[in-house]
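The structure appears below as structure tokens.
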Amino acid sequence: MRNLKQLSDEELVTAYAGGNNEAFDVLLLRHKTRLFNYIYQMVRDRDLADDIFQETFVKAITTIKQGRYNDLGKFSAWLYRIARNLAVDSFRAEKNESALSTDNADYDILNRRELAEDTIEDVMVGLQIEEDLRRLIDELPEVQREVLNLRYYKELSFKEIAELTGVSINTALGRMRYAILNLRRLAKEKSVSLTR
């Protein structure tokens, strides 16, 4: 039999699924540096990148061992897709953690220093606009919703968005343009005002 290092990724996956644990070690060694760098470029935090890197391989191991891996694409592309999805999930989780709950009795959302100049009516209108906007964003196609969230809520540059989503900067810009056009159309159709 050939040396494991001479096998293709797909052959190694098959060998690992068949019980050869060394085959996965070869896959890990083959992809670890590039995959970690890819993740780090997305999240810009070494500890978080390390967590996502490990979680990516745990997901890969689980999927292969459960016989759910399908080799229609390249193993590396599949691995990068897992990593990208986990990175996006971590951005969403971070956003949710940083949002304050209005259910917390110790925190009055209407009694904040930055809102001191606004009347309660202004604040209520602002909250309603934010809620309406979120509902409209949820109706956008996934790729438009993703770029809009990364740009406005995660404050990523279009270069970072392009790298994170694996598209060109022009494609990222185009998706944003269509997202804004669709938001305007949806707001008009539903008679939703997005201004105070």
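Just remember, in the structure tokens the first chain shown is A, the second B, etc., residues are 1-based per chain, and ligands are 1-based in the order shown.
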
Self-check item: Residue contacts of A:Gln41 (9 Å, only C-alpha atoms) excluding same-chain residues fewer than 6 positions away, as number ranges by chain
Solution: A: 49, 160, 163-164

Keeping N, CA, C and O atoms, export the residues of the selection given above as a PDB file, in the first residue's frame.
ATOM      1  N   ALA A  49      -9.726  32.226  16.753  1.00  0.00           N
ATOM      2  CA  ALA A  49      -9.340  31.452  15.562  1.00  0.00           C
ATOM      3  C   ALA A  49      -8.996  30.023  15.957  1.00  0.00           C
ATOM      4  O   ALA A  49      -9.373  29.066  15.274  1.00  0.00           O
ATOM      5  N   GLU A 160     -12.695  43.004   3.973  1.00  0.00           N
ATOM      6  CA  GLU A 160     -12.845  41.930   4.964  1.00  0.00           C
ATOM      7  C   GLU A 160     -14.057  41.046   4.644  1.00  0.00           C
ATOM      8  O   GLU A 160     -13.991  39.822   4.772  1.00  0.00           O
ATOM      9  N   GLU A 163     -13.154  38.747   1.775  1.00  0.00           N
ATOM     10  CA  GLU A 163     -12.306  37.639   2.234  1.00  0.00           C
ATOM     11  C   GLU A 163     -13.115  36.620   3.036  1.00  0.00           C
ATOM     12  O   GLU A 163     -12.980  35.419   2.848  1.00  0.00           O
ATOM     13  N   LEU A 164     -13.966  37.108   3.908  1.00  0.00           N
ATOM     14  CA  LEU A 164     -14.760  36.234   4.779  1.00  0.00           C
ATOM     15  C   LEU A 164     -15.735  35.372   3.985  1.00  0.00           C
ATOM     16  O   LEU A 164     -15.919  34.199   4.274  1.00  0.00           O
TER      17      LEU A 164
END

Self-check item: Close residues, A:Leu156 itself excluded, 12 Å, only C-alpha atoms, min 6 positions apart in chain, as JSON, numbers by chain
Solution: {"A": [41, 42, 43, 44, 91, 146, 147, 148, 149, 150, 162, 163, 164, 165, 172]}

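The shortest atom-to-atom distance to A:Ile61, with only C-alpha atoms taken into account, belongs to A:Asp25 out of A:Glu155, A:Asp47, A:Glu94, A:Asp25.
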
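Taking atom CA of A:Gly19 as the reference point, atom CA of A:Tyr38 is found at 28.9 Å.
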
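Look at A:Leu4: the protein and nucleic acid residues within 10 Å of it, using only C-alpha atoms and passing over chain neighbours fewer than 3 places away, are Met1, Leu7, Ser8, Asp9, Glu11, Leu12, Ala15, Glu22, Ala23, Phe24, Asp25, Val26 and Leu27 of chain A.
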
Output file for the selection above: N, CA, C and O atoms, as a PDB file, in the first residue's frame:
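What landed in part.pdb:
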ATOM      1  N   MET A   1       0.850  -1.203   0.000  1.00  0.00           N
ATOM      2  CA  MET A   1       0.000   0.000   0.000  1.00  0.00           C
ATOM      3  C   MET A   1       0.883   1.249   0.000  1.00  0.00           C
ATOM      4  O   MET A   1       1.955   1.276   0.578  1.00  0.00           O
ATOM      5  N   LEU A   7      -1.564   9.806  -0.626  1.00  0.00           N
ATOM      6  CA  LEU A   7      -2.987   9.692  -0.960  1.00  0.00           C
ATOM      7  C   LEU A   7      -3.627  11.066  -1.125  1.00  0.00           C
ATOM      8  O   LEU A   7      -3.209  12.049  -0.511  1.00  0.00           O
ATOM      9  N   SER A   8      -4.682  11.124  -1.947  1.00  0.00           N
ATOM     10  CA  SER A   8      -5.447  12.372  -2.100  1.00  0.00           C
ATOM     11  C   SER A   8      -6.276  12.590  -0.840  1.00  0.00           C
ATOM     12  O   SER A   8      -6.469  11.662  -0.037  1.00  0.00           O
ATOM     13  N   ASP A   9      -6.804  13.795  -0.699  1.00  0.00           N
ATOM     14  CA  ASP A   9      -7.674  14.085   0.446  1.00  0.00           C
ATOM     15  C   ASP A   9      -8.849  13.108   0.502  1.00  0.00           C
ATOM     16  O   ASP A   9      -9.193  12.591   1.567  1.00  0.00           O
ATOM     17  N   GLU A  11      -9.108  10.107  -0.728  1.00  0.00           N
ATOM     18  CA  GLU A  11      -8.662   8.763  -0.346  1.00  0.00           C
ATOM     19  C   GLU A  11      -8.404   8.689   1.163  1.00  0.00           C
ATOM     20  O   GLU A  11      -8.708   7.687   1.811  1.00  0.00           O
ATOM     21  N   LEU A  12      -7.848   9.764   1.710  1.00  0.00           N
ATOM     22  CA  LEU A  12      -7.590   9.811   3.152  1.00  0.00           C
ATOM     23  C   LEU A  12      -8.897   9.806   3.938  1.00  0.00           C
ATOM     24  O   LEU A  12      -9.000   9.147   4.972  1.00  0.00           O
ATOM     25  N   ALA A  15     -10.177   6.345   3.919  1.00  0.00           N
ATOM     26  CA  ALA A  15      -9.383   5.515   4.832  1.00  0.00           C
ATOM     27  C   ALA A  15      -9.761   5.802   6.284  1.00  0.00           C
ATOM     28  O   ALA A  15      -9.917   4.883   7.089  1.00  0.00           O
ATOM     29  N   GLU A  22      -4.754   7.316  11.440  1.00  0.00           N
ATOM     30  CA  GLU A  22      -3.565   8.017  10.939  1.00  0.00           C
ATOM     31  C   GLU A  22      -3.900   8.826   9.687  1.00  0.00           C
ATOM     32  O   GLU A  22      -3.264   9.846   9.416  1.00  0.00           O
ATOM     33  N   ALA A  23      -4.886   8.368   8.931  1.00  0.00           N
ATOM     34  CA  ALA A  23      -5.292   9.081   7.714  1.00  0.00           C
ATOM     35  C   ALA A  23      -5.772  10.490   8.069  1.00  0.00           C
ATOM     36  O   ALA A  23      -5.483  11.447   7.358  1.00  0.00           O
ATOM     37  N   PHE A  24      -6.486  10.603   9.178  1.00  0.00           N
ATOM     38  CA  PHE A  24      -6.962  11.935   9.572  1.00  0.00           C
ATOM     39  C   PHE A  24      -5.803  12.810  10.036  1.00  0.00           C
ATOM     40  O   PHE A  24      -5.791  14.011   9.787  1.00  0.00           O
ATOM     41  N   ASP A  25      -4.804  12.198  10.692  1.00  0.00           N
ATOM     42  CA  ASP A  25      -3.616  12.956  11.107  1.00  0.00           C
ATOM     43  C   ASP A  25      -2.944  13.593   9.892  1.00  0.00           C
ATOM     44  O   ASP A  25      -2.476  14.726   9.947  1.00  0.00           O
ATOM     45  N   VAL A  26      -2.900  12.837   8.787  1.00  0.00           N
ATOM     46  CA  VAL A  26      -2.291  13.351   7.553  1.00  0.00           C
ATOM     47  C   VAL A  26      -3.123  14.513   7.012  1.00  0.00           C
ATOM     48  O   VAL A  26      -2.581  15.542   6.600  1.00  0.00           O
ATOM     49  N   LEU A  27      -4.448  14.363   7.020  1.00  0.00           N
ATOM     50  CA  LEU A  27      -5.337  15.457   6.579  1.00  0.00           C
ATOM     51  C   LEU A  27      -5.135  16.710   7.427  1.00  0.00           C
ATOM     52  O   LEU A  27      -5.050  17.821   6.905  1.00  0.00           O
TER      53      LEU A  27
END

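You will find atom CA of A:Lys32 at 21.0 Å from atom CA of A:Asn70.
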
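All residues of protein, DNA or RNA that reach within 10 Å of stretch 62-69 of chain A, judged by only C-alpha atoms and not counting those fewer than 4 positions away in the chain, are Val13, Thr14, Tyr16, Ala17, Gly18, Gly19, Thr56, Phe57, Val58, Phe75 and Trp78 of chain A.
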
Only N, CA, C and O atoms, please: the residues just picked out, written as a short mmCIF file (atom, residue, chain, number, x, y, z; two decimals), in the first residue's frame.
data_model
loop_
_atom_site.label_atom_id
_atom_site.label_comp_id
_atom_site.auth_asym_id
_atom_site.auth_seq_id
_atom_site.Cartn_x
_atom_site.Cartn_y
_atom_site.Cartn_z
N VAL A 13 -9.89 10.54 3.45
CA VAL A 13 -11.20 10.57 4.11
C VAL A 13 -11.80 9.16 4.12
O VAL A 13 -12.30 8.69 5.15
N THR A 14 -11.71 8.48 2.98
CA THR A 14 -12.24 7.11 2.89
C THR A 14 -11.50 6.19 3.87
O THR A 14 -12.13 5.38 4.56
N TYR A 16 -9.95 7.08 6.61
CA TYR A 16 -10.32 7.45 7.98
C TYR A 16 -11.71 6.92 8.33
O TYR A 16 -11.93 6.38 9.42
N ALA A 17 -12.64 7.06 7.38
CA ALA A 17 -14.00 6.55 7.60
C ALA A 17 -13.98 5.03 7.82
O ALA A 17 -14.80 4.49 8.56
N GLY A 18 -12.97 4.38 7.22
CA GLY A 18 -12.83 2.94 7.37
C GLY A 18 -12.07 2.53 8.62
O GLY A 18 -11.80 1.35 8.83
N GLY A 19 -11.69 3.49 9.44
CA GLY A 19 -11.06 3.17 10.72
C GLY A 19 -9.58 3.48 10.84
O GLY A 19 -8.97 3.23 11.87
N THR A 56 -13.88 23.24 13.82
CA THR A 56 -13.99 22.83 12.42
C THR A 56 -13.59 21.36 12.26
O THR A 56 -14.30 20.57 11.63
N PHE A 57 -12.46 20.99 12.88
CA PHE A 57 -12.00 19.60 12.75
C PHE A 57 -12.89 18.64 13.55
O PHE A 57 -13.10 17.51 13.13
N VAL A 58 -13.44 19.10 14.66
CA VAL A 58 -14.37 18.25 15.41
C VAL A 58 -15.60 17.96 14.55
O VAL A 58 -16.07 16.82 14.46
N PHE A 75 -12.46 18.13 -0.50
CA PHE A 75 -12.43 18.08 0.95
C PHE A 75 -12.03 19.44 1.52
O PHE A 75 -12.65 19.94 2.46
N TRP A 78 -14.82 21.93 1.43
CA TRP A 78 -15.80 21.56 2.45
C TRP A 78 -15.33 22.02 3.83
O TRP A 78 -16.09 22.59 4.61
#
